[in-house]
>>> print(open('final31.txt').read())   # compact mmCIF, C-alpha atoms and all ligand atoms
# COMPACT_ATOMS: atom_id res chain seq x y z
CA MET A 1 9.90 -3.80 -51.66
CA ARG A 2 10.37 -2.12 -48.25
CA ARG A 3 8.97 1.39 -47.97
CA CYS A 4 11.26 3.89 -46.36
CA GLN A 5 9.43 6.63 -44.46
CA LEU A 6 11.18 10.00 -44.58
CA VAL A 7 11.24 11.62 -41.15
CA LYS A 8 12.26 15.24 -40.71
CA PRO A 9 15.30 15.79 -38.46
CA ARG A 10 14.70 16.66 -34.80
CA VAL A 11 14.29 20.32 -33.96
CA VAL A 12 15.68 20.79 -30.46
CA GLU A 13 13.13 22.55 -28.30
CA THR A 14 14.77 23.49 -25.00
CA ASN A 15 17.59 22.39 -22.74
CA GLU A 16 16.24 24.25 -19.75
CA GLY A 17 12.85 22.66 -19.19
CA ILE A 18 9.54 24.52 -19.20
CA GLN A 19 10.12 27.95 -17.68
CA GLY A 20 7.99 31.04 -17.21
CA GLU A 21 4.82 31.47 -15.16
CA PHE A 22 2.49 31.89 -18.16
CA THR A 23 3.70 28.72 -19.92
CA VAL A 24 3.58 26.77 -16.67
CA GLU A 25 0.01 27.88 -15.99
CA VAL A 26 -1.16 26.97 -19.49
CA TYR A 27 0.63 23.60 -19.25
CA ASP A 28 -0.99 22.98 -15.87
CA LYS A 29 -4.45 23.66 -17.35
CA MET A 30 -3.82 21.12 -20.13
CA MET A 31 -2.68 18.40 -17.70
CA ARG A 32 -5.50 19.16 -15.25
CA ASN A 33 -7.95 18.73 -18.11
CA LEU A 34 -6.40 15.31 -18.94
CA ARG A 35 -6.46 14.34 -15.25
CA ASP A 36 -10.15 15.27 -15.00
CA ARG A 37 -10.89 13.01 -17.99
CA GLY A 38 -8.99 10.13 -16.35
CA TRP A 39 -6.32 10.17 -19.09
CA ILE A 40 -3.21 10.29 -16.91
CA GLU A 41 -1.53 6.97 -17.71
CA THR A 42 -0.54 5.33 -14.41
CA ASP A 43 -1.70 1.78 -15.22
CA LEU A 44 1.40 0.81 -17.19
CA ILE A 45 3.65 2.02 -14.37
CA LEU A 46 1.71 -0.07 -11.86
CA GLU A 47 1.57 -3.12 -14.19
CA MET A 48 5.36 -2.90 -14.54
CA GLY A 49 5.61 -3.51 -10.78
CA ILE A 50 6.51 0.08 -9.91
CA ASN A 51 3.99 0.05 -7.08
CA HIS A 52 5.87 0.03 -3.79
CA GLY A 53 8.59 1.77 -1.80
CA LEU A 54 10.37 4.90 -2.99
CA SER A 55 10.17 5.97 -6.64
CA LEU A 56 11.73 8.76 -8.65
CA GLU A 57 9.88 10.79 -11.26
CA ILE A 58 11.99 12.80 -13.72
CA GLY A 59 10.50 16.04 -15.06
CA PRO A 60 7.16 15.92 -13.21
CA GLY A 61 6.03 19.29 -14.59
CA PRO A 62 2.87 20.19 -12.65
CA GLY A 63 3.05 16.77 -11.01
CA TYR A 64 -0.18 14.96 -11.97
CA LEU A 65 1.42 11.67 -13.05
CA GLY A 66 3.32 11.21 -9.79
CA LEU A 67 0.41 12.44 -7.70
CA GLU A 68 -1.97 9.98 -9.38
CA TRP A 69 0.64 7.23 -8.85
CA LEU A 70 0.81 8.09 -5.14
CA ARG A 71 -2.99 8.20 -4.90
CA LYS A 72 -3.26 4.68 -6.41
CA THR A 73 -0.54 3.07 -4.28
CA GLU A 74 -0.21 2.50 -0.54
CA GLY A 75 2.75 3.29 1.69
CA THR A 76 4.73 4.70 -1.23
CA THR A 77 6.83 7.85 -1.39
CA LEU A 78 8.11 9.86 -4.33
CA ARG A 79 11.06 12.10 -5.17
CA ALA A 80 10.47 14.21 -8.26
CA LEU A 81 13.44 15.87 -9.95
CA GLU A 82 12.54 18.99 -11.94
CA ILE A 83 14.81 21.45 -13.74
CA SER A 84 12.25 24.30 -13.77
CA ALA A 85 11.72 26.24 -10.53
CA ASP A 86 8.41 27.60 -11.87
CA MET A 87 7.12 24.06 -12.48
CA MET A 88 8.18 23.04 -8.97
CA VAL A 89 6.06 25.81 -7.44
CA MET A 90 3.05 24.53 -9.42
CA ALA A 91 3.72 20.86 -8.51
CA GLU A 92 4.03 21.71 -4.82
CA LYS A 93 0.72 23.58 -4.95
CA ASN A 94 -0.94 20.60 -6.66
CA ALA A 95 0.52 18.16 -4.09
CA ARG A 96 -1.07 20.22 -1.31
CA GLU A 97 -4.38 20.15 -3.20
CA TYR A 98 -4.19 16.33 -3.35
CA GLY A 99 -3.25 16.28 0.38
CA LEU A 100 -0.14 14.29 -0.59
CA GLN A 101 2.57 16.82 0.31
CA ASN A 102 3.98 14.51 3.00
CA ARG A 103 4.62 11.67 0.52
CA VAL A 104 6.35 13.66 -2.24
CA LYS A 105 9.47 15.80 -2.26
CA TYR A 106 10.22 17.96 -5.31
CA VAL A 107 13.92 18.45 -5.90
CA GLU A 108 15.23 21.15 -8.24
CA GLY A 109 17.98 19.88 -10.50
CA ASP A 110 19.09 18.50 -13.85
CA ALA A 111 18.53 14.76 -14.28
CA GLN A 112 21.82 14.60 -16.20
CA LYS A 113 23.48 14.74 -12.81
CA MET A 114 21.07 13.41 -10.24
CA PRO A 115 21.60 14.50 -6.63
CA PHE A 116 20.90 10.99 -5.31
CA GLU A 117 23.03 8.13 -3.97
CA ASP A 118 23.58 4.92 -5.97
CA ASN A 119 20.91 2.20 -5.51
CA THR A 120 18.30 4.52 -3.96
CA PHE A 121 15.01 3.89 -5.80
CA ASP A 122 12.65 0.94 -6.18
CA GLY A 123 11.32 2.46 -9.40
CA VAL A 124 11.91 5.34 -11.81
CA PHE A 125 9.33 6.77 -14.21
CA THR A 126 9.05 9.75 -16.49
CA ASN A 127 6.63 10.92 -19.16
CA GLY A 128 6.96 13.56 -21.87
CA SER A 129 10.31 14.85 -20.68
CA LEU A 130 12.83 12.83 -22.72
CA HIS A 131 12.57 15.02 -25.84
CA GLU A 132 13.79 17.97 -23.72
CA TRP A 133 16.93 16.24 -22.42
CA SER A 134 20.05 17.57 -24.13
CA GLN A 135 21.97 14.32 -23.48
CA PRO A 136 19.55 11.43 -22.93
CA SER A 137 22.37 8.89 -22.64
CA LYS A 138 23.62 10.63 -19.48
CA ILE A 139 20.15 10.43 -17.94
CA PHE A 140 19.75 6.77 -18.93
CA ASN A 141 23.01 6.00 -17.09
CA GLU A 142 21.87 8.05 -14.11
CA ILE A 143 18.58 6.11 -13.96
CA TYR A 144 20.55 2.87 -13.80
CA ARG A 145 22.94 4.19 -11.15
CA CYS A 146 20.15 5.45 -8.85
CA LEU A 147 17.94 2.35 -9.16
CA LYS A 148 18.24 -0.44 -6.59
CA PRO A 149 19.17 -3.85 -8.06
CA GLY A 150 15.86 -5.33 -9.19
CA GLY A 151 14.37 -1.83 -9.51
CA LYS A 152 12.26 -1.08 -12.60
CA TYR A 153 11.93 1.90 -14.92
CA LEU A 154 9.44 3.24 -17.43
CA ILE A 155 10.19 6.11 -19.81
CA SER A 156 7.44 7.31 -22.13
CA ASP A 157 7.34 10.08 -24.70
CA MET A 158 5.82 11.07 -28.02
CA ARG A 159 7.51 10.22 -31.34
CA ARG A 160 7.84 12.67 -34.18
CA ASP A 161 7.06 10.03 -36.82
CA MET A 162 3.51 9.56 -35.51
CA ASN A 163 0.90 9.36 -38.23
CA PRO A 164 0.06 12.91 -39.51
CA LEU A 165 -3.63 12.25 -38.93
CA THR A 166 -2.94 11.25 -35.31
CA LYS A 167 -0.86 14.41 -34.93
CA TRP A 168 -3.70 16.54 -36.31
CA PHE A 169 -6.23 14.87 -34.01
CA LEU A 170 -3.97 15.22 -30.97
CA LYS A 171 -3.53 18.92 -31.71
CA LEU A 172 -7.27 19.40 -32.08
CA MET A 173 -7.97 17.62 -28.78
CA THR A 174 -5.34 19.56 -26.84
CA LYS A 175 -6.75 22.30 -24.68
CA PRO A 176 -6.31 25.16 -23.90
CA LYS A 177 -5.46 26.07 -27.48
CA GLU A 178 -2.59 28.36 -26.38
CA ILE A 179 -0.57 25.19 -25.66
CA ARG A 180 -0.91 23.83 -29.23
CA PRO A 181 2.25 25.49 -30.66
CA GLY A 182 4.18 24.01 -27.70
CA LEU A 183 2.72 20.57 -28.45
CA VAL A 184 3.86 20.77 -32.08
CA SER A 185 7.37 21.87 -31.11
CA SER A 186 7.55 19.01 -28.57
CA ILE A 187 6.57 16.49 -31.26
CA ASN A 188 9.20 17.95 -33.60
CA ALA A 189 11.83 17.56 -30.86
CA SER A 190 10.89 13.99 -30.03
CA TYR A 191 12.69 10.82 -31.12
CA THR A 192 11.75 7.90 -33.30
CA VAL A 193 11.89 4.36 -31.91
CA GLN A 194 14.99 3.63 -34.01
CA GLU A 195 16.79 6.71 -32.70
CA ILE A 196 16.02 5.90 -29.09
CA GLN A 197 17.04 2.26 -29.51
CA SER A 198 20.35 3.42 -30.92
CA ILE A 199 20.96 5.79 -27.97
CA LEU A 200 19.90 3.16 -25.41
CA SER A 201 22.25 0.57 -26.91
CA LYS A 202 25.26 2.65 -25.82
CA THR A 203 24.10 3.05 -22.20
CA ASP A 204 23.50 1.01 -19.04
CA LEU A 205 19.86 0.68 -20.14
CA LYS A 206 20.87 -1.31 -23.25
CA SER A 207 18.69 -4.27 -22.30
CA SER A 208 15.48 -2.15 -22.34
CA LYS A 209 12.36 -3.08 -24.26
CA VAL A 210 10.97 -0.34 -26.50
CA LYS A 211 7.31 -0.52 -27.44
CA LYS A 212 5.83 1.67 -30.15
CA THR A 213 2.42 3.19 -29.38
CA THR A 214 0.04 5.25 -31.50
CA MET A 215 1.51 8.55 -30.39
CA GLY A 216 4.87 7.59 -28.96
CA PHE A 217 6.90 4.85 -27.36
CA ILE A 218 7.49 3.28 -23.95
CA VAL A 219 10.90 2.16 -22.74
CA THR A 220 10.85 -0.35 -19.88
CA GLY A 221 13.32 -2.52 -18.04
CA GLU A 222 14.83 -3.64 -14.79
CA LYS A 223 18.25 -3.20 -13.21
CA ALA A 224 19.76 -6.64 -12.83
CA SER A 225 19.69 -8.05 -9.31
CA GLU A 226 23.14 -8.43 -7.79
CA THR A 227 24.65 -11.89 -8.29
CA ARG A 228 26.72 -13.50 -5.55
C1 LIG A 301 6.67 18.39 -21.31
S1 LIG A 301 6.88 18.43 -19.57
C2 LIG A 301 6.16 16.91 -19.03
C3 LIG A 301 5.63 17.04 -17.63
C4 LIG A 301 4.95 15.80 -17.06
N1 LIG A 301 5.87 14.72 -16.89
C5 LIG A 301 3.80 15.37 -17.91
O1 LIG A 301 3.69 14.19 -18.24
O2 LIG A 301 2.97 16.21 -18.21
C6 LIG A 301 8.61 18.07 -19.38
C7 LIG A 301 9.12 18.43 -17.99
O3 LIG A 301 10.47 17.95 -17.86
C8 LIG A 301 11.27 18.96 -17.25
N2 LIG A 301 12.67 18.74 -17.64
C9 LIG A 301 13.21 18.91 -18.88
N3 LIG A 301 14.53 18.60 -18.88
C10 LIG A 301 14.83 18.19 -17.61
C11 LIG A 301 16.03 17.73 -16.98
N4 LIG A 301 17.17 17.63 -17.67
N5 LIG A 301 15.97 17.39 -15.67
C12 LIG A 301 14.80 17.50 -14.97
N6 LIG A 301 13.64 17.93 -15.51
C13 LIG A 301 13.63 18.27 -16.82
C14 LIG A 301 10.64 20.26 -17.78
O4 LIG A 301 10.95 21.40 -17.02
C15 LIG A 301 9.16 19.92 -17.74
O5 LIG A 301 8.57 20.22 -16.50
>>> encode(input="final31.txt", output="structure tokens")
Amino acid sequence: MRRCQLVKPRVVETNEGIQGEFTVEVYDKMMRNLRDRGWIETDLILEMGINHGLSLEIGPGPGYLGLEWLRKTEGTTLRALEISADMMVMAEKNAREYGLQNRVKYVEGDAQKMPFEDNTFDGVFTNGSLHEWSQPSKIFNEIYRCLKPGGKYLISDMRRDMNPLTKWFLKLMTKPKEIRPGLVSSINASYTVQEIQSILSKTDLKSSKVKKTTMGFIVTGEKASETR
């Protein structure tokens, strides 16, 4: 007999991104701590072939993922679209600290309506932002529109049906402890693999692969190359 796991409904967290200097500073501390431990996950992005040209990051927050990606690639440039002005200030400061300010441009805006031309980017990546998007399907279609034919994308986030023990451990490991309530509300706002597959199936990213991980899932794919 198949077991049916009961998952609580999503509790929407925010439609405005992470705002407010205090929250941004605490979030920055958490991500800096992960960066210092070497836990910022750039390998999958690179393995996907997002390793050249111009990429887009959606919701960079304090910027460490994109900055680490730039640091590990050569001759690349990055646009990073962020809805929170406070986060942008922090990301710009961090880019200067990395000495990478000439290779990244932070753009304030809502990814539901990206201020970029069609077929602009060689790659698009985003981590931990999806659960904050009020209409993910719009952003999935925007990713497709802004990617060049043959361009690749990677979208990663947590899932709210992660094992309760994993959730407990993740909470315990997350520092500073002031960020823990925010972590829990982000998990409660996140999607399950089934939910995200259902949303993707109605968008231009319908041919994506979705891989379940211990704490979340990773959506990957490629915009079809133009046929003659
Ligand atoms: C939880 S943080 C993740 C930050 C970073 N990517 C990371 O891995 O730590 C989510 C970020 O996405 C931004 N965000 C949320 N909705 C957005 C939207 N519609 N367009 C652009 N950025 C958005 C938030 O302001 C926030 O900085």
>>> residues_near_ligand(input="final31.txt", ligand="ligand LIG 301 (chain A)", cutoff="9 Å", atoms="only C-alpha atoms and all ligand atoms", output="ChimeraX atom specification")
/A:14-19,24,27-28,30-31,40-41,57-66,80-88,108-114,126-136,139,156-157,182-183,186
>>> residues_near_point(input="final31.txt", point="(1.2, 4.7, -30.8)", cutoff="12 Å", atoms="all atoms listed in the file", output="PDB file with C-alpha atoms, in the frame of the given file")
ATOM      1  CA  SER A 156       7.440   7.310 -22.130  1.00  0.00           C
ATOM      2  CA  ASP A 157       7.340  10.080 -24.700  1.00  0.00           C
ATOM      3  CA  MET A 158       5.820  11.070 -28.020  1.00  0.00           C
ATOM      4  CA  ARG A 159       7.510  10.220 -31.340  1.00  0.00           C
ATOM      5  CA  ARG A 160       7.840  12.670 -34.180  1.00  0.00           C
ATOM      6  CA  ASP A 161       7.060  10.030 -36.820  1.00  0.00           C
ATOM      7  CA  MET A 162       3.510   9.560 -35.510  1.00  0.00           C
ATOM      8  CA  ASN A 163       0.900   9.360 -38.230  1.00  0.00           C
ATOM      9  CA  THR A 166      -2.940  11.250 -35.310  1.00  0.00           C
ATOM     10  CA  LYS A 167      -0.860  14.410 -34.930  1.00  0.00           C
ATOM     11  CA  LEU A 170      -3.970  15.220 -30.970  1.00  0.00           C
ATOM     12  CA  THR A 192      11.750   7.900 -33.300  1.00  0.00           C
ATOM     13  CA  VAL A 193      11.890   4.360 -31.910  1.00  0.00           C
ATOM     14  CA  VAL A 210      10.970  -0.340 -26.500  1.00  0.00           C
ATOM     15  CA  LYS A 211       7.310  -0.520 -27.440  1.00  0.00           C
ATOM     16  CA  LYS A 212       5.830   1.670 -30.150  1.00  0.00           C
ATOM     17  CA  THR A 213       2.420   3.190 -29.380  1.00  0.00           C
ATOM     18  CA  THR A 214       0.040   5.250 -31.500  1.00  0.00           C
ATOM     19  CA  MET A 215       1.510   8.550 -30.390  1.00  0.00           C
ATOM     20  CA  GLY A 216       4.870   7.590 -28.960  1.00  0.00           C
ATOM     21  CA  PHE A 217       6.900   4.850 -27.360  1.00  0.00           C
ATOM     22  CA  ILE A 218       7.490   3.280 -23.950  1.00  0.00           C
TER      23      ILE A 218
END
>>> atom_distance(input="final31.txt", atom1="atom CA of Asn188 of chain A", atom2="atom CA of Phe169 of chain A")
15.7 Å
>>> residues_around(input="final31.txt", residues="Thr203 of chain A", least_positions_apart="4", cutoff="7 Å", atoms="only C-alpha atoms", output="VMD selection string")
chain A and resid 137 140 to 141
>>> residues_near_point(input="final31.txt", point="(4.1, -4.0, -3.3)", cutoff="12 Å", atoms="all atoms listed in the file", output="PDB file with C-alpha atoms, in the coordinates of the input")
ATOM      1  CA  LEU A  46       1.710  -0.070 -11.860  1.00  0.00           C
ATOM      2  CA  GLU A  47       1.570  -3.120 -14.190  1.00  0.00           C
ATOM      3  CA  MET A  48       5.360  -2.900 -14.540  1.00  0.00           C
ATOM      4  CA  GLY A  49       5.610  -3.510 -10.780  1.00  0.00           C
ATOM      5  CA  ILE A  50       6.510   0.080  -9.910  1.00  0.00           C
ATOM      6  CA  ASN A  51       3.990   0.050  -7.080  1.00  0.00           C
ATOM      7  CA  HIS A  52       5.870   0.030  -3.790  1.00  0.00           C
ATOM      8  CA  GLY A  53       8.590   1.770  -1.800  1.00  0.00           C
ATOM      9  CA  LEU A  54      10.370   4.900  -2.990  1.00  0.00           C
ATOM     10  CA  LYS A  72      -3.260   4.680  -6.410  1.00  0.00           C
ATOM     11  CA  THR A  73      -0.540   3.070  -4.280  1.00  0.00           C
ATOM     12  CA  GLU A  74      -0.210   2.500  -0.540  1.00  0.00           C
ATOM     13  CA  GLY A  75       2.750   3.290   1.690  1.00  0.00           C
ATOM     14  CA  THR A  76       4.730   4.700  -1.230  1.00  0.00           C
ATOM     15  CA  ASP A 122      12.650   0.940  -6.180  1.00  0.00           C
ATOM     16  CA  GLY A 123      11.320   2.460  -9.400  1.00  0.00           C
TER      17      GLY A 123
END
>>> residues_around(input="final31.txt", residues="Leu205 of chain A", least_positions_apart="3", cutoff="8 Å", atoms="all atoms listed in the file", output="JSON, numbers by chain")
{"A": [140, 141, 144, 200, 201, 208, 221]}
>>> residues_around(input="final31.txt", residues="Ala189 of chain A", least_positions_apart="4", cutoff="7 Å", atoms="all atoms listed in the file", output="number ranges by chain")
A: 10-13, 131, 185
>>> build_atoms(input="final31.txt", residues="segment 184-199 of chain A", atoms="N, CA, C and O atoms", output="CSV table (one decimal), in the coordinates of the input")
chain,number,residue,atom,x,y,z
A,184,VAL,N,3.2,21.1,-30.8
A,184,VAL,CA,3.9,20.8,-32.1
A,184,VAL,C,5.4,20.8,-31.9
A,184,VAL,O,6.1,19.9,-32.5
A,185,SER,N,5.9,21.8,-31.2
A,185,SER,CA,7.4,21.9,-31.1
A,185,SER,C,7.9,20.7,-30.3
A,185,SER,O,9.0,20.2,-30.6
A,186,SER,N,7.1,20.2,-29.3
A,186,SER,CA,7.6,19.0,-28.6
A,186,SER,C,7.6,17.8,-29.5
A,186,SER,O,8.5,17.0,-29.4
A,187,ILE,N,6.6,17.6,-30.3
A,187,ILE,CA,6.6,16.5,-31.3
A,187,ILE,C,7.8,16.6,-32.2
A,187,ILE,O,8.5,15.6,-32.4
A,188,ASN,N,8.1,17.8,-32.7
A,188,ASN,CA,9.2,18.0,-33.6
A,188,ASN,C,10.6,17.7,-32.9
A,188,ASN,O,11.5,17.4,-33.6
A,189,ALA,N,10.6,17.8,-31.6
A,189,ALA,CA,11.8,17.6,-30.9
A,189,ALA,C,12.0,16.1,-30.4
A,189,ALA,O,13.0,15.7,-29.9
A,190,SER,N,10.9,15.3,-30.6
A,190,SER,CA,10.9,14.0,-30.0
A,190,SER,C,11.6,13.0,-30.9
A,190,SER,O,12.0,13.3,-32.1
A,191,TYR,N,11.9,11.8,-30.4
A,191,TYR,CA,12.7,10.8,-31.1
A,191,TYR,C,11.8,9.8,-31.8
A,191,TYR,O,10.6,9.7,-31.5
A,192,THR,N,12.4,9.1,-32.7
A,192,THR,CA,11.8,7.9,-33.3
A,192,THR,C,12.2,6.7,-32.5
A,192,THR,O,13.2,6.8,-31.7
A,193,VAL,N,11.5,5.6,-32.6
A,193,VAL,CA,11.9,4.4,-31.9
A,193,VAL,C,13.3,3.9,-32.3
A,193,VAL,O,14.1,3.6,-31.4
A,194,GLN,N,13.6,4.0,-33.6
A,194,GLN,CA,15.0,3.6,-34.0
A,194,GLN,C,16.1,4.5,-33.4
A,194,GLN,O,17.1,4.0,-32.9
A,195,GLU,N,15.8,5.8,-33.3
A,195,GLU,CA,16.8,6.7,-32.7
A,195,GLU,C,17.0,6.4,-31.2
A,195,GLU,O,18.1,6.4,-30.7
A,196,ILE,N,15.9,6.1,-30.5
A,196,ILE,CA,16.0,5.9,-29.1
A,196,ILE,C,16.7,4.5,-28.8
A,196,ILE,O,17.5,4.4,-27.9
A,197,GLN,N,16.4,3.6,-29.7
A,197,GLN,CA,17.0,2.3,-29.5
A,197,GLN,C,18.6,2.4,-29.7
A,197,GLN,O,19.3,1.8,-29.0
A,198,SER,N,18.9,3.2,-30.7
A,198,SER,CA,20.4,3.4,-30.9
A,198,SER,C,21.0,4.1,-29.7
A,198,SER,O,22.1,3.7,-29.3
A,199,ILE,N,20.4,5.1,-29.1
A,199,ILE,CA,21.0,5.8,-28.0
A,199,ILE,C,21.0,4.8,-26.8
A,199,ILE,O,22.1,4.7,-26.1
